[in-house]
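Okay, so here's the structure we're looking at.
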Amino acid sequence: MLNWTNFLSQLFNGLVLGALLALISSGLTIIYGTLGVLNLAHGAMFMLGGYAGYVAYEASGSFIVAVIAATLFMLVFGILLERLVIRHFYDRPDEDQLLVTFGLSICIVETVRYFFSSMTKTVPPPSLFSGITSMGGVIFPTYRLALIGIVAVALLALYLILYRTRLGLIVRAGIEDSVMVDSLGINVYRVFMIVFGIGAMAAGFAGIVNAPVVSLSPGMGEAILVQAFVVVVIGGVGSFPGAVLGGLIAGEIISLTSMINPAYSYIMLFAAMTLVLVFRPHGLLGKKGRE
């Protein structure tokens with residue numbers, strides 16, 4: 001039934017989903033913008049971060065420990081993956097990069113499935129954010145309210161790294177012209193390694209903080225990967241603010257359309273992406289002339 005209460009509820013759900021998509025897509029757009037690698041394993045990293053947090057939670061019983069452990073695990077995992085595999089594909093054709101990251105995605109998913117089976121796993125929210133909260137006559141899960149703040153803090157941290165540190169300056173310069181950065185004597189490959197680790201860390205962090213909202217399953221990264229790529233296209237490749245804006249737009253489109261007819265939520269999302277590609281091919285906040 002369409003009414004004001006349902007509209008506010010779906011608007012809020014769209015904000016939660018949009019914030020999560022913004023965080024995931026920020027890591028994806030940083031990797032693609034800097035390294036030029038279309039990382040089809042990004043969804044699997046989102047899933048792996050959730051399971052790493054689940055293992056830490058089972059061992060410690062602390063949600064905070066689970067979040068910290070999953071974040072650090074994915075940072076190390078991303079760095080190792082870049083050094084062992086991804087680094088060898090920077091100068092290879094795009095189709096090779098797609099194939100290797102797609103293959104890595106399958107390996108990650110099936111490895112998790114082997115150790116944890118296909119049965120869903122759950123991570124309860126911290127006791128501080130359990131229960132429900134009433135706002136203006138509309139009832140919201142308290143953890144979802146907290147999740148908006150958690151993701152906002154994570155996005156702010158990424159923003160400060162990108163726009164207020166020397167590493168961020170090098171990353172943004174590498175997005176525009178990695179050859180020039182290399183000619184200045186900066187070890188581009190070391191920067192690439194750190195960037196890939198940060199991107200994996202962002203995906204893993206999103207995976208564990210989203211675990212109390214959606215149960216963990218080995219295939220959970222597939223849908224989120226598609227949504228993240230749409231967000232990157234809408235916001236603009238290589239644009240961190242674009243990933244945030246695109247994520248919020250995509251989240252609201254999916255949520256509000258689901259209120260009317262869930263079957264059309266993805267159709268409307270892709271329709272929005274098509275409109276952006278037609279009228280602004282470089283994305284809402286992307287720059288013209290970027291490849």
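Going by the structure tokens order, chains are called A, B, ..., each with residues numbered from 1, while ligands are numbered from 1 in the order shown.
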
Write out, as CSV, each residue of stretch 161-246 of chain A that has an atom at most 10 Å from stretch 125-130 of chain A, together with the closest pair of atoms and their distance in Å to one decimal, counting only C-alpha atoms, rows going by chain and rising number.
residue,atom,partner,partner_atom,distance
A:Val209,CA,A:Pro125,CA,8.7
A:Asn210,CA,A:Pro125,CA,9.6
A:Ala211,CA,A:Pro125,CA,8.3
A:Pro212,CA,A:Pro125,CA,5.3
A:Val213,CA,A:Pro125,CA,8.3

I need the chosen residues saved as an mmCIF file, in the first residue's frame, with C-alpha atoms.
data_model
loop_
_atom_site.group_PDB
_atom_site.id
_atom_site.type_symbol
_atom_site.label_atom_id
_atom_site.label_comp_id
_atom_site.auth_asym_id
_atom_site.auth_seq_id
_atom_site.Cartn_x
_atom_site.Cartn_y
_atom_site.Cartn_z
ATOM 1 C CA VAL A 209 29.171 -3.715 8.554
ATOM 2 C CA ASN A 210 26.392 -4.897 6.233
ATOM 3 C CA ALA A 211 26.387 -8.412 7.741
ATOM 4 C CA PRO A 212 23.838 -7.606 10.487
ATOM 5 C CA VAL A 213 21.482 -6.270 7.779
#

Open item on the list: Using DSSP assignments from the backbone, pull out every residue in stretch 43-200 of chain A that falls under strand (DSSP E) and give it to me as a list in words.
Closed with: Ile132, Thr133, Ser134, Met135, Val138, Ile139, Phe140 and Pro141 of chain A

Shell of 12 Å around A:Met135, only C-alpha atoms, local chain residues under 4 positions omitted, as a compact mmCIF listing (two decimals) with N, CA, C and O atoms, in the first residue's frame:
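The file below, part_9.txt, is the result:
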# COMPACT_ATOMS: atom_id res chain seq x y z
N THR A 5 3.89 6.84 5.23
CA THR A 5 4.77 6.05 6.10
C THR A 5 5.66 5.11 5.30
O THR A 5 6.87 5.01 5.55
N LEU A 8 8.42 7.14 3.47
CA LEU A 8 9.54 7.53 4.33
C LEU A 8 10.41 6.33 4.68
O LEU A 8 11.64 6.44 4.73
N SER A 9 9.76 5.19 4.91
CA SER A 9 10.51 3.99 5.23
C SER A 9 11.41 3.57 4.08
O SER A 9 12.59 3.25 4.27
N PHE A 12 14.32 5.94 3.58
CA PHE A 12 15.38 5.66 4.54
C PHE A 12 16.17 4.41 4.12
O PHE A 12 17.40 4.40 4.16
N ILE A 139 8.94 3.49 12.18
CA ILE A 139 9.85 2.64 12.96
C ILE A 139 11.01 2.17 12.08
O ILE A 139 10.80 1.64 10.99
N PHE A 140 12.23 2.39 12.57
CA PHE A 140 13.43 1.98 11.86
C PHE A 140 14.28 1.08 12.74
O PHE A 140 14.36 1.31 13.96
N PRO A 141 14.93 0.07 12.16
CA PRO A 141 15.91 -0.69 12.93
C PRO A 141 17.05 0.23 13.37
O PRO A 141 17.59 0.98 12.56
N THR A 142 17.40 0.17 14.63
CA THR A 142 18.41 1.08 15.17
C THR A 142 19.75 0.90 14.47
O THR A 142 20.47 1.89 14.20
N LEU A 145 20.09 2.83 11.27
CA LEU A 145 20.38 4.25 11.52
C LEU A 145 21.87 4.43 11.82
O LEU A 145 22.50 5.35 11.30

TODO: Tell me, as a ChimeraX atom specification, which residues lie within 10 Å of A:Ile254, counting only C-alpha atoms; anything in the same chain fewer than 2 positions away does not count.
DONE: /A:10,13-14,17-18,227,249-252,256-259,262,264-269

How would the residues just picked look written out with N, CA and C atoms as a PDB file, in the first residue's frame?
ATOM      1  N   GLN A  10      10.867   3.574   2.858  1.00  0.00           N
ATOM      2  CA  GLN A  10      11.658   3.199   1.689  1.00  0.00           C
ATOM      3  C   GLN A  10      12.722   4.238   1.372  1.00  0.00           C
ATOM      4  N   ASN A  13      15.446   3.354   3.709  1.00  0.00           N
ATOM      5  CA  ASN A  13      16.133   2.139   3.247  1.00  0.00           C
ATOM      6  C   ASN A  13      17.024   2.437   2.046  1.00  0.00           C
ATOM      7  N   GLY A  14      16.561   3.318   1.168  1.00  0.00           N
ATOM      8  CA  GLY A  14      17.359   3.708   0.017  1.00  0.00           C
ATOM      9  C   GLY A  14      18.612   4.456   0.426  1.00  0.00           C
ATOM     10  N   LEU A  17      21.054   1.738   1.708  1.00  0.00           N
ATOM     11  CA  LEU A  17      21.618   1.008   0.580  1.00  0.00           C
ATOM     12  C   LEU A  17      22.542   1.904  -0.230  1.00  0.00           C
ATOM     13  N   GLY A  18      22.142   3.161  -0.426  1.00  0.00           N
ATOM     14  CA  GLY A  18      22.964   4.089  -1.193  1.00  0.00           C
ATOM     15  C   GLY A  18      24.301   4.365  -0.532  1.00  0.00           C
ATOM     16  N   GLN A 227      25.640  -3.601  -9.241  1.00  0.00           N
ATOM     17  CA  GLN A 227      25.180  -2.302  -8.773  1.00  0.00           C
ATOM     18  C   GLN A 227      26.342  -1.324  -8.641  1.00  0.00           C
ATOM     19  N   ILE A 249      22.103   7.935  -5.362  1.00  0.00           N
ATOM     20  CA  ILE A 249      21.060   7.926  -6.396  1.00  0.00           C
ATOM     21  C   ILE A 249      20.591   6.500  -6.663  1.00  0.00           C
ATOM     22  N   ALA A 250      21.551   5.585  -6.829  1.00  0.00           N
ATOM     23  CA  ALA A 250      21.205   4.192  -7.123  1.00  0.00           C
ATOM     24  C   ALA A 250      20.413   3.565  -5.981  1.00  0.00           C
ATOM     25  N   GLY A 251      20.819   3.841  -4.750  1.00  0.00           N
ATOM     26  CA  GLY A 251      20.108   3.280  -3.601  1.00  0.00           C
ATOM     27  C   GLY A 251      18.655   3.729  -3.536  1.00  0.00           C
ATOM     28  N   GLU A 252      18.436   5.002  -3.805  1.00  0.00           N
ATOM     29  CA  GLU A 252      17.058   5.516  -3.769  1.00  0.00           C
ATOM     30  C   GLU A 252      16.233   4.977  -4.940  1.00  0.00           C
ATOM     31  N   LEU A 256      12.925   2.979  -3.860  1.00  0.00           N
ATOM     32  CA  LEU A 256      11.625   3.575  -4.162  1.00  0.00           C
ATOM     33  C   LEU A 256      10.887   2.801  -5.249  1.00  0.00           C
ATOM     34  N   THR A 257      11.623   2.257  -6.208  1.00  0.00           N
ATOM     35  CA  THR A 257      10.977   1.444  -7.231  1.00  0.00           C
ATOM     36  C   THR A 257      10.440   0.145  -6.638  1.00  0.00           C
ATOM     37  N   SER A 258      11.173  -0.417  -5.676  1.00  0.00           N
ATOM     38  CA  SER A 258      10.720  -1.652  -5.020  1.00  0.00           C
ATOM     39  C   SER A 258       9.419  -1.438  -4.271  1.00  0.00           C
ATOM     40  N   MET A 259       9.178  -0.210  -3.821  1.00  0.00           N
ATOM     41  CA  MET A 259       7.935   0.087  -3.113  1.00  0.00           C
ATOM     42  C   MET A 259       6.730  -0.075  -4.042  1.00  0.00           C
ATOM     43  N   PRO A 262       8.890  -4.424  -7.125  1.00  0.00           N
ATOM     44  CA  PRO A 262      10.290  -4.853  -7.009  1.00  0.00           C
ATOM     45  C   PRO A 262      10.879  -5.369  -8.319  1.00  0.00           C
ATOM     46  N   TYR A 264      10.793  -4.154 -11.131  1.00  0.00           N
ATOM     47  CA  TYR A 264      11.284  -3.083 -11.996  1.00  0.00           C
ATOM     48  C   TYR A 264      12.443  -2.286 -11.384  1.00  0.00           C
ATOM     49  N   SER A 265      12.908  -2.680 -10.204  1.00  0.00           N
ATOM     50  CA  SER A 265      13.944  -1.897  -9.531  1.00  0.00           C
ATOM     51  C   SER A 265      15.238  -1.851 -10.344  1.00  0.00           C
ATOM     52  N   TYR A 266      15.665  -3.002 -10.856  1.00  0.00           N
ATOM     53  CA  TYR A 266      16.886  -3.026 -11.648  1.00  0.00           C
ATOM     54  C   TYR A 266      16.679  -2.391 -13.023  1.00  0.00           C
ATOM     55  N   ILE A 267      15.481  -2.535 -13.554  1.00  0.00           N
ATOM     56  CA  ILE A 267      15.184  -1.913 -14.844  1.00  0.00           C
ATOM     57  C   ILE A 267      15.335  -0.396 -14.738  1.00  0.00           C
ATOM     58  N   MET A 268      14.802   0.175 -13.669  1.00  0.00           N
ATOM     59  CA  MET A 268      14.902   1.622 -13.488  1.00  0.00           C
ATOM     60  C   MET A 268      16.348   2.046 -13.233  1.00  0.00           C
ATOM     61  N   LEU A 269      17.106   1.212 -12.540  1.00  0.00           N
ATOM     62  CA  LEU A 269      18.507   1.534 -12.285  1.00  0.00           C
ATOM     63  C   LEU A 269      19.293   1.595 -13.590  1.00  0.00           C
TER      64      LEU A 269
END

TODO: Kindly give the distance, in Å, that separates atom CA of A:Ala22 and atom CA of A:Val231, rounded to a single decimal.
DONE: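 Computing it gives 7.7 Å between the two atoms.
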
Open item on the list: Would you pick out the contacts of A:Leu38 at 9 Å or less, using only C-alpha atoms, so that residues sharing its chain but fewer than 2 positions from it are not included, and give the list as a list in words?
Closed with: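 Residues meeting the cut-off are Leu28, Ile31, Tyr32, Leu35, Gly36, Leu40, Ala41, Asp94, Gln97, Leu98 and Thr101 of chain A.
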
TODO: Would you please extract all alpha helix (DSSP H) residues from stretch 51-122 of chain A, as assigned by DSSP on the backbone, and give them as a ChimeraX atom specification?
DONE: /A:51-60,63-84,94-116

TODO: Would you mind telling me which residue in A:Ile198, A:Gly286, A:Tyr51, A:Ala203 lies nearest to A:Leu225 when using only C-alpha atoms?
DONE: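 That would be A:Ala203, the residue with the smallest distance to A:Leu225.
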
TODO: Would you mind telling me which residue in A:Phe205, A:Val138, A:Leu11, A:Ile234 lies nearest to A:Val278 when using only C-alpha atoms?
DONE: A:Ile234

Open item on the list: List the spatial neighbours of A:Val65 as a list in words - criterion: any atom at most 9 Å away, only C-alpha atoms, same-chain residues fewer than 6 positions off excluded.
Closed with: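 Here the qualifying residues turn out to be Gly53, Ala56 and Tyr57 of chain A.
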
Open item on the list: Restricting the calculation to only C-alpha atoms: of A:Ile208, A:Ala69, A:Pro218, A:Pro281, which residue gets closest to A:Cys107?
Closed with: A:Pro218

- [ ] Tell me, as a list in words, which residues lie within 12 Å of A:Tyr189, counting only C-alpha atoms; anything in the same chain fewer than 2 positions away does not count.
- [x] Thr34, Leu35, Ile79, Glu82, Arg83, Ile86, Arg87, His88, Tyr90, Ile170, Val171, Gly174, Ser178, Val179, Val181, Asp182, Gly185, Ile186, Asn187, Val191, Phe192, Met193, Ile194, Val195 and Phe196 of chain A
